[in-house]
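Below: coords.csv (CSV, C-alpha atoms and all ligand atoms)
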chain,number,residue,atom,x,y,z
M,1,MET,CA,200.3,-49.8,-66.0
M,2,LYS,CA,198.0,-47.0,-67.0
M,3,ILE,CA,195.3,-46.6,-64.5
M,4,THR,CA,191.8,-46.1,-66.0
M,5,LYS,CA,188.3,-46.2,-64.5
M,6,ASP,CA,187.9,-49.8,-65.6
M,7,ASN,CA,191.0,-51.1,-63.8
M,8,TYR,CA,191.1,-48.7,-60.9
M,9,TYR,CA,189.7,-51.2,-58.4
M,10,SER,CA,191.6,-54.2,-59.8
M,11,GLN,CA,194.0,-56.4,-57.9
M,12,GLU,CA,196.6,-55.6,-60.5
M,13,ALA,CA,196.2,-51.9,-59.8
M,14,ASP,CA,196.7,-52.6,-56.1
M,15,ARG,CA,199.8,-54.7,-56.9
M,16,GLU,CA,201.4,-52.1,-59.2
M,17,THR,CA,200.5,-48.9,-57.4
M,18,MET,CA,199.8,-47.5,-53.9
M,19,SER,CA,196.5,-45.8,-53.1
M,20,VAL,CA,195.5,-44.0,-49.9
M,21,SER,CA,193.1,-46.8,-48.9
M,22,GLN,CA,195.8,-49.4,-49.5
M,23,TYR,CA,198.2,-47.3,-47.5
M,24,LYS,CA,195.7,-47.1,-44.6
M,25,LEU,CA,195.4,-50.9,-44.8
M,26,TRP,CA,199.2,-51.3,-44.6
M,27,VAL,CA,199.3,-49.1,-41.5
M,28,GLN,CA,196.4,-51.0,-39.9
M,29,CYS,CA,197.8,-54.5,-40.6
M,30,GLU,CA,200.6,-55.5,-43.0
M,31,TYR,CA,199.4,-59.1,-43.0
M,32,LYS,CA,196.0,-58.2,-44.2
M,33,ALA,CA,197.4,-55.7,-46.8
M,34,LEU,CA,199.7,-58.3,-48.3
M,35,ALA,CA,196.8,-60.8,-48.4
M,36,LEU,CA,194.8,-58.2,-50.4
M,37,ILE,CA,197.6,-57.7,-52.9
M,38,GLN,CA,198.0,-61.4,-53.3
M,39,GLY,CA,194.2,-61.9,-53.8
M,40,LYS,CA,193.8,-63.9,-50.5
M,41,TYR,CA,191.6,-61.3,-48.9
M,42,LYS,CA,188.8,-59.3,-50.4
M,43,ARG,CA,187.2,-56.1,-48.9
M,44,VAL,CA,183.6,-56.7,-48.0
M,45,GLU,CA,181.1,-54.2,-49.3
M,46,THR,CA,179.0,-53.1,-46.4
M,47,ASP,CA,175.6,-51.3,-46.6
M,48,ALA,CA,177.4,-48.1,-45.5
M,49,PHE,CA,179.8,-48.5,-48.4
M,50,LEU,CA,176.8,-48.8,-50.8
M,51,LEU,CA,175.2,-45.7,-49.3
M,52,GLY,CA,178.4,-43.8,-50.0
M,53,LYS,CA,178.4,-45.0,-53.6
M,54,TYR,CA,174.7,-44.0,-54.0
M,55,ILE,CA,175.5,-40.4,-53.0
M,56,HIS,CA,178.6,-40.4,-55.2
M,57,ALA,CA,176.6,-41.6,-58.2
M,58,TRP,CA,174.2,-38.7,-57.6
M,59,SER,CA,177.2,-36.3,-57.5
M,60,GLU,CA,178.4,-37.7,-60.8
M,61,GLY,CA,175.0,-37.4,-62.4
M,62,LYS,CA,174.7,-41.1,-62.7
M,63,LEU,CA,172.2,-42.0,-60.0
M,64,GLU,CA,169.5,-43.5,-62.4
M,65,GLN,CA,172.1,-45.8,-64.0
M,66,PHE,CA,173.4,-46.7,-60.5
M,67,LYS,CA,169.9,-47.7,-59.4
M,68,LYS,CA,169.5,-49.9,-62.4
M,69,GLU,CA,172.8,-51.6,-61.8
M,70,ASN,CA,172.0,-52.3,-58.1
M,71,PRO,CA,168.7,-54.0,-57.6
M,72,GLN,CA,169.6,-54.7,-54.0
M,73,LEU,CA,168.7,-51.1,-53.3
M,74,PHE,CA,165.1,-52.0,-53.6
M,75,SER,CA,162.8,-54.1,-51.5
M,76,SER,CA,162.1,-57.4,-53.2
M,77,ARG,CA,159.0,-58.5,-51.2
M,78,GLY,CA,156.0,-57.5,-49.1
M,79,ALA,CA,153.9,-54.4,-49.4
M,80,THR,CA,157.0,-52.3,-50.1
M,81,LYS,CA,158.2,-54.4,-53.0
M,82,GLY,CA,159.9,-52.2,-55.6
M,83,ASP,CA,160.4,-49.3,-53.2
M,84,LEU,CA,163.8,-48.0,-52.2
M,85,LYS,CA,164.9,-49.7,-48.9
M,86,ALA,CA,164.8,-47.4,-45.8
M,87,ASP,CA,168.6,-46.9,-45.9
M,88,TYR,CA,168.5,-45.4,-49.3
M,89,LYS,CA,165.5,-43.3,-48.6
M,90,VAL,CA,167.8,-41.7,-46.1
M,91,ALA,CA,170.3,-41.2,-48.9
M,92,ASP,CA,167.7,-39.3,-50.9
M,93,SER,CA,167.1,-37.0,-47.9
M,94,MET,CA,170.9,-36.4,-47.8
M,95,ILE,CA,171.0,-35.6,-51.5
M,96,LYS,CA,168.1,-33.2,-51.1
M,97,ALA,CA,169.8,-31.4,-48.3
M,98,LEU,CA,172.9,-31.0,-50.4
M,99,GLU,CA,170.9,-29.8,-53.5
M,100,ASN,CA,169.2,-27.2,-51.4
M,101,ASP,CA,172.5,-25.8,-50.1
M,102,SER,CA,174.1,-23.5,-52.7
M,103,ASN,CA,177.4,-23.4,-50.9
M,104,CYS,CA,177.8,-27.2,-50.8
M,105,MET,CA,176.8,-27.3,-54.5
M,106,LYS,CA,179.5,-24.7,-55.3
M,107,PHE,CA,182.1,-27.0,-53.8
M,108,LEU,CA,180.8,-30.0,-55.7
M,109,GLU,CA,181.1,-28.2,-59.0
M,110,GLY,CA,183.9,-29.3,-61.3
M,111,GLU,CA,185.2,-32.3,-63.2
M,112,LYS,CA,184.0,-35.5,-61.5
M,113,GLU,CA,185.9,-38.7,-60.6
M,114,VAL,CA,189.3,-37.7,-62.0
M,115,ILE,CA,192.1,-40.2,-62.0
M,116,ILE,CA,195.4,-38.9,-60.7
M,117,GLN,CA,198.8,-40.6,-60.7
M,118,GLY,CA,202.3,-39.8,-59.7
M,119,GLU,CA,205.5,-40.7,-57.8
M,120,LEU,CA,205.7,-40.0,-54.1
M,121,PHE,CA,208.2,-41.3,-51.6
M,122,GLY,CA,209.8,-43.7,-54.2
M,123,ILE,CA,206.5,-45.4,-55.2
M,124,HIS,CA,203.8,-44.9,-57.8
M,125,TRP,CA,200.4,-43.7,-56.4
M,126,ARG,CA,197.0,-43.6,-57.9
M,127,GLY,CA,193.9,-41.7,-56.7
M,128,MET,CA,190.5,-40.7,-57.8
M,129,VAL,CA,189.4,-37.1,-57.0
M,130,ASP,CA,185.6,-36.7,-56.5
M,131,VAL,CA,185.6,-33.1,-57.8
M,132,LEU,CA,188.5,-31.2,-59.5
M,133,ASN,CA,188.1,-27.6,-60.2
M,134,LEU,CA,191.4,-26.2,-61.7
M,135,GLU,CA,189.8,-22.9,-62.6
M,136,LYS,CA,188.6,-22.0,-59.1
M,137,GLY,CA,191.7,-23.6,-57.5
M,138,PHE,CA,190.2,-26.3,-55.4
M,139,PHE,CA,189.4,-30.0,-55.2
M,140,SER,CA,186.9,-31.7,-53.0
M,141,ASP,CA,185.8,-35.0,-51.7
M,142,LEU,CA,182.2,-35.8,-50.7
M,143,LYS,CA,182.0,-37.7,-47.5
M,144,THR,CA,179.1,-39.2,-45.6
M,145,THR,CA,179.5,-39.5,-41.9
M,146,GLN,CA,177.6,-40.6,-38.7
M,147,GLY,CA,178.1,-37.2,-37.1
M,148,ILE,CA,180.1,-34.1,-38.3
M,149,HIS,CA,181.0,-33.3,-34.7
M,150,LYS,CA,181.4,-36.8,-33.5
M,151,LYS,CA,184.8,-37.7,-31.9
M,152,TYR,CA,186.6,-41.0,-32.1
M,153,GLY,CA,189.0,-41.3,-29.1
M,154,GLY,CA,189.3,-37.5,-29.3
M,155,LEU,CA,189.8,-37.4,-33.1
M,156,THR,CA,187.5,-35.9,-35.6
M,157,PHE,CA,186.0,-38.2,-38.3
M,158,ILE,CA,188.4,-36.6,-40.8
M,159,GLU,CA,191.4,-37.7,-38.8
M,160,HIS,CA,189.9,-41.0,-37.7
M,161,TYR,CA,189.1,-42.2,-41.2
M,162,GLY,CA,192.4,-41.1,-42.7
M,163,TYR,CA,190.9,-38.3,-44.8
M,164,VAL,CA,193.8,-36.0,-43.9
M,165,GLU,CA,196.2,-38.5,-45.5
M,166,GLN,CA,193.9,-38.7,-48.6
M,167,MET,CA,193.8,-35.0,-49.1
M,168,ALA,CA,197.6,-34.6,-48.5
M,169,ILE,CA,198.4,-37.2,-51.1
M,170,TYR,CA,195.9,-36.0,-53.6
M,171,ARG,CA,197.2,-32.5,-53.3
M,172,GLU,CA,200.7,-33.7,-54.2
M,173,LEU,CA,199.5,-35.8,-57.1
M,174,ILE,CA,197.4,-33.0,-58.5
M,175,LYS,CA,200.5,-30.7,-58.3
M,176,GLN,CA,202.5,-33.2,-60.3
M,177,GLN,CA,199.8,-33.9,-62.9
M,178,PHE,CA,198.4,-30.4,-63.4
M,179,GLY,CA,201.1,-28.2,-62.1
M,180,LYS,CA,198.7,-26.4,-59.7
M,181,ASP,CA,198.6,-26.3,-56.0
M,182,LEU,CA,194.9,-26.6,-55.2
M,183,ILE,CA,193.1,-26.2,-51.8
M,184,PRO,CA,191.5,-29.4,-50.5
M,185,TYR,CA,188.0,-29.4,-49.1
M,186,ILE,CA,185.7,-32.1,-47.7
M,187,VAL,CA,182.0,-31.7,-48.3
M,188,ALA,CA,180.5,-33.7,-45.5
M,189,VAL,CA,176.9,-34.8,-45.0
M,190,GLU,CA,175.5,-36.7,-42.1
M,191,LYS,CA,173.7,-40.0,-42.6
M,192,ASN,CA,170.3,-39.2,-41.3
M,193,ASP,CA,166.9,-37.7,-42.4
M,194,ASN,CA,167.7,-34.2,-41.4
M,195,PRO,CA,171.4,-34.1,-41.9
M,196,LEU,CA,173.9,-31.5,-40.9
M,197,LYS,CA,176.3,-30.6,-43.7
M,198,ALA,CA,179.8,-29.0,-43.6
M,199,ILE,CA,182.5,-27.7,-46.0
M,200,ILE,CA,185.8,-28.3,-44.3
M,201,LYS,CA,189.1,-26.9,-45.5
M,202,VAL,CA,192.0,-29.4,-44.9
M,203,ASP,CA,194.9,-27.1,-44.5
M,204,ASP,CA,198.7,-27.5,-44.3
M,205,ARG,CA,198.7,-27.5,-40.6
M,206,TYR,CA,197.1,-31.0,-40.9
M,207,THR,CA,198.5,-32.3,-44.2
M,208,ALA,CA,202.2,-31.3,-43.8
M,209,PRO,CA,202.8,-33.6,-40.7
M,210,LYS,CA,200.8,-36.4,-42.3
M,211,LEU,CA,203.0,-36.3,-45.4
M,212,GLU,CA,206.0,-36.6,-43.2
M,213,GLU,CA,204.5,-39.6,-41.4
M,214,ILE,CA,203.6,-41.3,-44.7
M,215,GLY,CA,207.1,-40.8,-46.0
M,216,TYR,CA,208.4,-42.5,-42.8
M,217,ASN,CA,205.9,-45.4,-42.9
M,218,ILE,CA,206.3,-46.1,-46.6
M,219,GLU,CA,209.8,-47.4,-46.4
M,220,LYS,CA,208.8,-50.4,-44.4
M,221,ILE,CA,205.6,-50.9,-46.5
M,222,ILE,CA,207.7,-51.0,-49.8
M,223,LYS,CA,209.9,-53.6,-48.2
M,224,VAL,CA,207.0,-55.8,-47.2
M,225,LYS,CA,205.1,-55.3,-50.5
M,226,THR,CA,208.2,-56.4,-52.5
M,227,GLU,CA,208.5,-59.3,-50.1
M,228,GLU,CA,211.9,-58.2,-48.9
M,229,GLU,CA,210.6,-58.2,-45.3
M,230,GLU,CA,208.0,-60.3,-43.5
M,231,PRO,CA,204.7,-58.7,-42.8
M,232,CYS,CA,203.6,-58.1,-39.2
M,233,SER,CA,200.2,-59.5,-38.1
M,234,CYS,CA,198.0,-57.1,-36.1
M,235,GLY,CA,196.2,-60.0,-34.5
M,236,LEU,CA,193.0,-57.9,-34.3
M,237,CYS,CA,191.5,-57.3,-37.7
M,238,ASP,CA,188.9,-59.4,-39.5
M,239,TYR,CA,191.6,-61.1,-41.7
M,240,CYS,CA,193.9,-62.0,-38.7
M,241,ARG,CA,190.9,-63.4,-36.8
M,242,SER,CA,190.1,-65.6,-39.8
M,243,VAL,CA,193.6,-67.0,-40.1
M,244,ASN,CA,195.1,-67.0,-36.6
M,245,LYS,CA,193.8,-70.2,-35.1
M,246,VAL,CA,196.1,-70.2,-32.0
M,247,THR,CA,195.5,-67.7,-29.2
M,248,SER,CA,198.5,-66.2,-27.5
M,249,ILE,CA,198.8,-65.3,-23.8
M,250,LEU,CA,198.4,-61.6,-23.0
M,251,THR,CA,198.9,-59.6,-19.8
M,252,ILE,CA,196.2,-57.2,-18.6
M,253,ASP,CA,198.5,-54.4,-19.9
M,254,ASP,CA,198.1,-55.6,-23.4
M,255,LEU,CA,194.3,-54.9,-23.3
T,1,ZN,ZN,195.5,-58.0,-38.9
Would you give me this structure, written as structure tokens?
Amino acid sequence: MKITKDNYYSQEADRETMSVSQYKLWVQCEYKALALIQGKYKRVETDAFLLGKYIHAWSEGKLEQFKKENPQLFSSRGATKGDLKADYKVADSMIKALENDSNCMKFLEGEKEVIIQGELFGIHWRGMVDVLNLEKGFFSDLKTTQGIHKKYGGLTFIEHYGYVEQMAIYRELIKQQFGKDLIPYIVAVEKNDNPLKAIIKVDDRYTAPKLEEIGYNIEKIIKVKTEEEEPCSCGLCDYCRSVNKVTSILTIDDL
């Protein structure tokens, strides 16, 4: 199938292609990923997700349209009726901080929301690049984060949320589609009123081992996706909790 902006987030697109977010789901829980492909599980859109979309709509130059399409951004009662809810006022502060930073703006300049596709590790992938700048030789992704220097079990937010995988795959897909090896950057902005910002280069040192790891993991994923092998249940995620009605016995070492 040809991936377009209209079908990018469809179940059919998930069935026919691999995306980085789908890959991350497979690694987290095969049971949940398979349920997603089969339409038995739907990702829930959290407030944090909507905040990210708000900032992306701004980056694309479509914020006014986005506000019109999402009335839930505005308070619907009381004295603040019609005002932006507090969460999205924060988003406006984040946007202002980016707008006033000429370096961040430079790395957000280029073609926006570009769909990329290609073959990697024997499977068809799709992706959507936030900012593609073939002329200046880079692509970038705009990320919102709790804290730029926050660590998650010793990992940076970039590693913890699988952004290294994303940049590694996107770099390969861009190579295939445009014949150019571009440098990946993450433009990050914290989710608060006075946010720290950063422009982070995601270099080979991080992406090369991740590509190897993806190549290794994908073999099993393809087998489960094509129902050649049974999926493993992680027993921990929201989907497993909702379907596993029988508790198994653990030892303290399992905790
Ligand atoms: Zn699970």
Using all atoms listed in the file, which protein or nucleic acid residues are at most 12 Å from ligand ZN 1 (chain T), as a ChimeraX atom specification? /M:25-36,41,231-244
With all atoms listed in the file as the counted atoms, please give the residues lying no more than 7 Å from range 160-169 of chain M, apart from itself and same-chain residues fewer than 3 positions off, as a ChimeraX atom specification. /M:20,152,155-157,172-173,184,202,206-207,210-211
What is the distance between CA of Met128 in chain M and CA of Val90 in chain M, in Å to one decimal? 25.6 Å
Nearest to Ile199 in chain M by atom-to-atom distance, counting only C-alpha atoms, from M:Lys143, M:Lys225, M:Lys175, M:Lys151: M:Lys143
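Using all atoms listed in the file, the contacts of range 71-83 of chain M at a cut-off of 10 Å, with sequence neighbours closer than 4 positions omitted, comprise Asp47, Leu50, Leu51, Tyr54, Phe66, Lys67, Asp87, Tyr88 and Lys89 of chain M.
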Neighbour list for range 91-96 of chain M as a ChimeraX atom specification, cut-off 9 Å, only C-alpha atoms, skip fewer than 6 positions in-chain: /M:51-52,54-55,58-59,144,189-197
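Between CA of Ser19 in chain M and CA of Arg126 in chain M there is a distance of 5.3 Å.
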Give me, please, the distance in Å between CA of Glu227 in chain M and CA of Ser248 in chain M, quoted to one decimal.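 If I compute the distance from CA of Glu227 in chain M to CA of Ser248 in chain M, I get 25.7 Å.
For the residues M:Lys68, M:Ile218, M:Ala198, M:Trp125, ranking by smallest atom-to-atom distance to Gly147 in chain M using only C-alpha atoms places M:Ala198 first.
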Could range 86-111 of chain M be completed with N, CA and C atoms and written as a compact mmCIF listing (two decimals), in the coordinates of the input, please?
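Saved file selection-v8.txt follows:
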# COMPACT_ATOMS: atom_id res chain seq x y z
N ALA M 86 164.77 -48.57 -46.76
CA ALA M 86 164.80 -47.40 -45.80
C ALA M 86 166.18 -46.70 -45.85
N ASP M 87 167.28 -47.47 -45.89
CA ASP M 87 168.60 -46.90 -45.90
C ASP M 87 168.84 -45.91 -47.03
N TYR M 88 168.28 -46.26 -48.16
CA TYR M 88 168.50 -45.40 -49.30
C TYR M 88 167.53 -44.29 -49.46
N LYS M 89 166.41 -44.42 -48.72
CA LYS M 89 165.50 -43.30 -48.60
C LYS M 89 166.23 -42.18 -47.84
N VAL M 90 167.01 -42.61 -46.83
CA VAL M 90 167.80 -41.70 -46.10
C VAL M 90 168.80 -40.97 -47.05
N ALA M 91 169.38 -41.77 -47.95
CA ALA M 91 170.30 -41.20 -48.90
C ALA M 91 169.64 -40.12 -49.76
N ASP M 92 168.38 -40.34 -50.12
CA ASP M 92 167.70 -39.30 -50.90
C ASP M 92 167.48 -38.04 -50.07
N SER M 93 167.25 -38.18 -48.75
CA SER M 93 167.10 -37.00 -47.90
C SER M 93 168.48 -36.25 -47.85
N MET M 94 169.56 -37.02 -47.81
CA MET M 94 170.90 -36.40 -47.80
C MET M 94 171.17 -35.64 -49.06
N ILE M 95 170.79 -36.25 -50.16
CA ILE M 95 171.00 -35.60 -51.50
C ILE M 95 170.18 -34.32 -51.56
N LYS M 96 168.94 -34.39 -51.09
CA LYS M 96 168.10 -33.20 -51.10
C LYS M 96 168.68 -32.08 -50.32
N ALA M 97 169.22 -32.44 -49.14
CA ALA M 97 169.80 -31.40 -48.30
C ALA M 97 171.01 -30.75 -48.98
N LEU M 98 171.79 -31.54 -49.72
CA LEU M 98 172.90 -31.00 -50.40
C LEU M 98 172.44 -30.08 -51.60
N GLU M 99 171.44 -30.58 -52.31
CA GLU M 99 170.90 -29.80 -53.50
C GLU M 99 170.37 -28.48 -53.07
N ASN M 100 169.80 -28.41 -51.85
CA ASN M 100 169.20 -27.20 -51.40
C ASN M 100 170.22 -26.22 -50.76
N ASP M 101 171.48 -26.61 -50.77
CA ASP M 101 172.50 -25.80 -50.10
C ASP M 101 173.48 -25.28 -51.22
N SER M 102 173.33 -24.00 -51.54
CA SER M 102 174.10 -23.50 -52.70
C SER M 102 175.60 -23.49 -52.44
N ASN M 103 175.99 -23.39 -51.17
CA ASN M 103 177.40 -23.40 -50.90
C ASN M 103 178.03 -24.80 -51.10
N CYS M 104 177.34 -25.81 -50.60
CA CYS M 104 177.80 -27.20 -50.80
C CYS M 104 177.87 -27.46 -52.33
N MET M 105 176.84 -27.05 -53.04
CA MET M 105 176.80 -27.30 -54.50
C MET M 105 177.97 -26.64 -55.20
N LYS M 106 178.36 -25.46 -54.71
CA LYS M 106 179.50 -24.70 -55.30
C LYS M 106 180.77 -25.57 -55.18
N PHE M 107 180.91 -26.22 -54.02
CA PHE M 107 182.10 -27.00 -53.80
C PHE M 107 182.04 -28.42 -54.37
N LEU M 108 180.91 -28.72 -54.98
CA LEU M 108 180.80 -30.00 -55.70
C LEU M 108 180.79 -29.79 -57.20
N GLU M 109 181.12 -28.56 -57.59
CA GLU M 109 181.10 -28.20 -59.00
C GLU M 109 182.54 -28.40 -59.57
N GLY M 110 182.64 -29.12 -60.67
CA GLY M 110 183.90 -29.30 -61.30
C GLY M 110 183.95 -30.61 -62.06
N GLU M 111 185.14 -31.03 -62.47
CA GLU M 111 185.20 -32.30 -63.20
C GLU M 111 185.12 -33.43 -62.14
